[in-house]
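A.B. asks: Let me give you the structure first, and then I'll get to my questions.
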Amino acid sequence: MSKIEQSWYKPFSLITLLLLPLSAIFGCISLLRRYCYKFGIFKSFISKTPVIVVGNISVGGNGKTPFVLWLYDYLTAKGLSVGLISRGYGGQATHYPLLVTAQTTTREAGDEPVLLFNRLQCPLVVGPNRQHNIEKLNANFKLDVIISDDGMQHYKMARSIECCIVDSERKFGNGLLMPAGPLRETVSRLKSVDVVIENGSEDEFSYRLQPSVIKRVADNSDIATPLKAAHAVSAIGNPGRFEASLQAQGIKLLSTHHFRDHYAYSADDFAQFGDDCVLMTEKDAVKCRDFAKPNWYYLPVDAQPTAAVINTLNLLLKEKGIHHGL
């Protein structure tokens, strides 16, 4: 994490003061752009298939991916045919929109889309143009609903439902817009979303992250015996939560190593660990599979929303007319 990013979650500093003018410019541009779409000066693309956006108003890890995984399973269990779109941050494919398959690499699509596809085996398209992503999905699949992994600030894409994920530990940092703070939009934006969901709190509208069975990075197999000690490696927005979950399971952390979010690992990054056990997140694992040693492991997590979140989603689906066989 850079010094600027560290300043977002600390008391007001000189760095913050120096960046305030840039934040003011960013805020004016962001607000002007939003109102241009709101009042029809800029035209939005309206998909023939309803779109549910799962996003946030701050940068960094907010726990969005586990909720997308849960939401896909939840909607599928209702009999809906569901597809996903993603920006594919960090991906460098030769062409977009890119339909993700079992052969798609993290270098092409980014880490989160590959994680989502590995888990769900679902229709998933990535690319910087969300309209093209949606059109690609609709051209190849008959869908009842599309989940957009991120995209709350992409106002060119009309949406039926907005779910905003908030990290309960870090919240909104110093409450300032980028680059002086972590916010993409001001906190007042939360008043216009359909449901605000806190990740990791005990609030009425929240979800808990439930650790699953630890798996081997190389082949996704379950470990045979409990893991007692390992080096913790992560390239996520909030590594502290990951490390705390490992310690809660009685795993001794030999060391902790943080890389920037979406970091593209190489085997050289792990040379310092020799033949010791290494434990990482699922998002890290999809980038290390090709060069992983047999004693490298990852911890999958599953979102468990409260009844209030589920009931609200049910009402929204009914209100928006999202059902099987649209």
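Residues in the structure tokens are numbered from 1 in each chain, the chains being A, B, ... in the order shown, and ligands are numbered from 1 in the order shown.
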Skipping near chain neighbours, those fewer than 4 positions away, what residues fall within 12 Å of A:Leu69 using only C-alpha atoms, listed as JSON, numbers by chain?
C.D. replies: {"A": [54, 63, 64, 65, 73, 74, 75, 76, 82, 83, 84, 112, 113, 115, 116, 117, 118, 119, 120, 121, 122, 147, 148, 149, 209, 300, 301, 302, 303, 304, 305]}
A.B. asks: Name the residues of stretch 47-286 of chain A that fall into strand (DSSP E) according to DSSP on the backbone, using the chain letters and numbers of this document, as number ranges by chain.
C.D. replies: A: 51-55, 82-86, 98-99, 124-126, 145-149, 161-167, 195-199, 206-211, 215-216, 229-234, 252-258, 278-281
A.B. asks: As a PyMOL selection string, please: the residues near A:Pro11 (cut-off 12 Å, only C-alpha atoms, same-chain neighbours under 4 positions excluded).
C.D. replies: chain A and resi 6-7+15-17+173-176+180-181
A.B. asks: Pick out each residue of stretch 146-248 of chain A that DSSP on the backbone tags as helix (DSSP H, G or I); I need them as a PyMOL selection string.
C.D. replies: chain A and resi 187-192+239-248
A.B. asks: For the residues in the current selection, export N, CA and C atoms as a JSON list (two decimals), in the first residue's frame.
C.D. replies:
[["chain", "number", "residue", "atom", "x", "y", "z"],
["A", 187, "VAL", "N", -20.35, 10.19, 0.42],
["A", 187, "VAL", "CA", -21.21, 9.27, 1.18],
["A", 187, "VAL", "C", -22.69, 9.52, 0.91],
["A", 188, "SER", "N", -23.04, 10.71, 0.49],
["A", 188, "SER", "CA", -24.44, 11.02, 0.18],
["A", 188, "SER", "C", -24.97, 10.14, -0.95],
["A", 189, "ARG", "N", -24.09, 9.59, -1.76],
["A", 189, "ARG", "CA", -24.50, 8.69, -2.86],
["A", 189, "ARG", "C", -25.25, 7.47, -2.33],
["A", 190, "LEU", "N", -24.98, 7.07, -1.09],
["A", 190, "LEU", "CA", -25.63, 5.89, -0.51],
["A", 190, "LEU", "C", -27.14, 6.06, -0.40],
["A", 191, "LYS", "N", -27.61, 7.31, -0.36],
["A", 191, "LYS", "CA", -29.05, 7.55, -0.25],
["A", 191, "LYS", "C", -29.81, 7.11, -1.50],
["A", 192, "SER", "N", -29.10, 7.01, -2.61],
["A", 192, "SER", "CA", -29.78, 6.69, -3.87],
["A", 192, "SER", "C", -29.67, 5.23, -4.28],
["A", 239, "PRO", "N", -5.77, -6.84, 3.89],
["A", 239, "PRO", "CA", -5.13, -8.09, 4.29],
["A", 239, "PRO", "C", -5.31, -8.43, 5.76],
["A", 240, "GLY", "N", -5.54, -7.42, 6.60],
["A", 240, "GLY", "CA", -5.69, -7.68, 8.02],
["A", 240, "GLY", "C", -6.85, -8.62, 8.33],
["A", 241, "ARG", "N", -7.96, -8.47, 7.60],
["A", 241, "ARG", "CA", -9.11, -9.34, 7.83],
["A", 241, "ARG", "C", -8.76, -10.80, 7.47],
["A", 242, "PHE", "N", -8.06, -10.98, 6.37],
["A", 242, "PHE", "CA", -7.63, -12.32, 5.95],
["A", 242, "PHE", "C", -6.74, -12.95, 7.01],
["A", 243, "GLU", "N", -5.77, -12.21, 7.50],
["A", 243, "GLU", "CA", -4.84, -12.75, 8.48],
["A", 243, "GLU", "C", -5.52, -13.07, 9.81],
["A", 244, "ALA", "N", -6.47, -12.24, 10.19],
["A", 244, "ALA", "CA", -7.22, -12.50, 11.43],
["A", 244, "ALA", "C", -8.04, -13.77, 11.32],
["A", 245, "SER", "N", -8.59, -14.03, 10.12],
["A", 245, "SER", "CA", -9.38, -15.25, 9.93],
["A", 245, "SER", "C", -8.52, -16.49, 10.02],
["A", 246, "LEU", "N", -7.26, -16.39, 9.59],
["A", 246, "LEU", "CA", -6.35, -17.53, 9.70],
["A", 246, "LEU", "C", -6.01, -17.80, 11.17],
["A", 247, "GLN", "N", -5.72, -16.74, 11.90],
["A", 247, "GLN", "CA", -5.39, -16.90, 13.31],
["A", 247, "GLN", "C", -6.58, -17.42, 14.11],
["A", 248, "ALA", "N", -7.79, -17.04, 13.70],
["A", 248, "ALA", "CA", -8.99, -17.52, 14.38],
["A", 248, "ALA", "C", -9.15, -19.02, 14.22]]
A.B. asks: For A:Pro21, which of A:Leu317, A:Ile197, A:Leu254, A:Met178 is the closest residue, counting only C-alpha atoms?
C.D. replies: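 Of all the options, A:Met178 lies closest to A:Pro21.
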A.B. asks: Looking at A:Pro226, A:Gly200, A:Gly27, A:Pro123, which one is nearest to A:Leu177, with distances taken over only C-alpha atoms?
C.D. replies: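 Using only C-alpha atoms, A:Leu177 sits closest to A:Gly27.
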A.B. asks: Can you pull out the residues contacting stretch 282-298 of chain A? Cut-off 8 Å, using only C-alpha atoms, and skip same-chain residues under 5 positions away; I want them as a PyMOL selection string.
C.D. replies: chain A and resi 106+111-112+114-115+214-219+234-235+264-267+275-277
A.B. asks: Tell me, as a ChimeraX atom specification, which residues lie within 9 Å of A:Glu169, counting only C-alpha atoms; anything in the same chain fewer than 2 positions away does not count.
C.D. replies: /A:166-167,171,199-201,241
A.B. asks: Have a look at atom CA of A:Ala232 and atom CA of A:Tyr9 and let me know their distance in Å, one decimal.
C.D. replies: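 Atom-to-atom, atom CA of A:Ala232 and atom CA of A:Tyr9 are spaced 22.5 Å apart.
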A.B. asks: I'd like to know which of A:Leu98, A:Cys36, A:Asp144, A:Ala93 is closest to A:Tyr72, using only C-alpha atoms.
C.D. replies: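 Nearest to A:Tyr72: A:Asp144.
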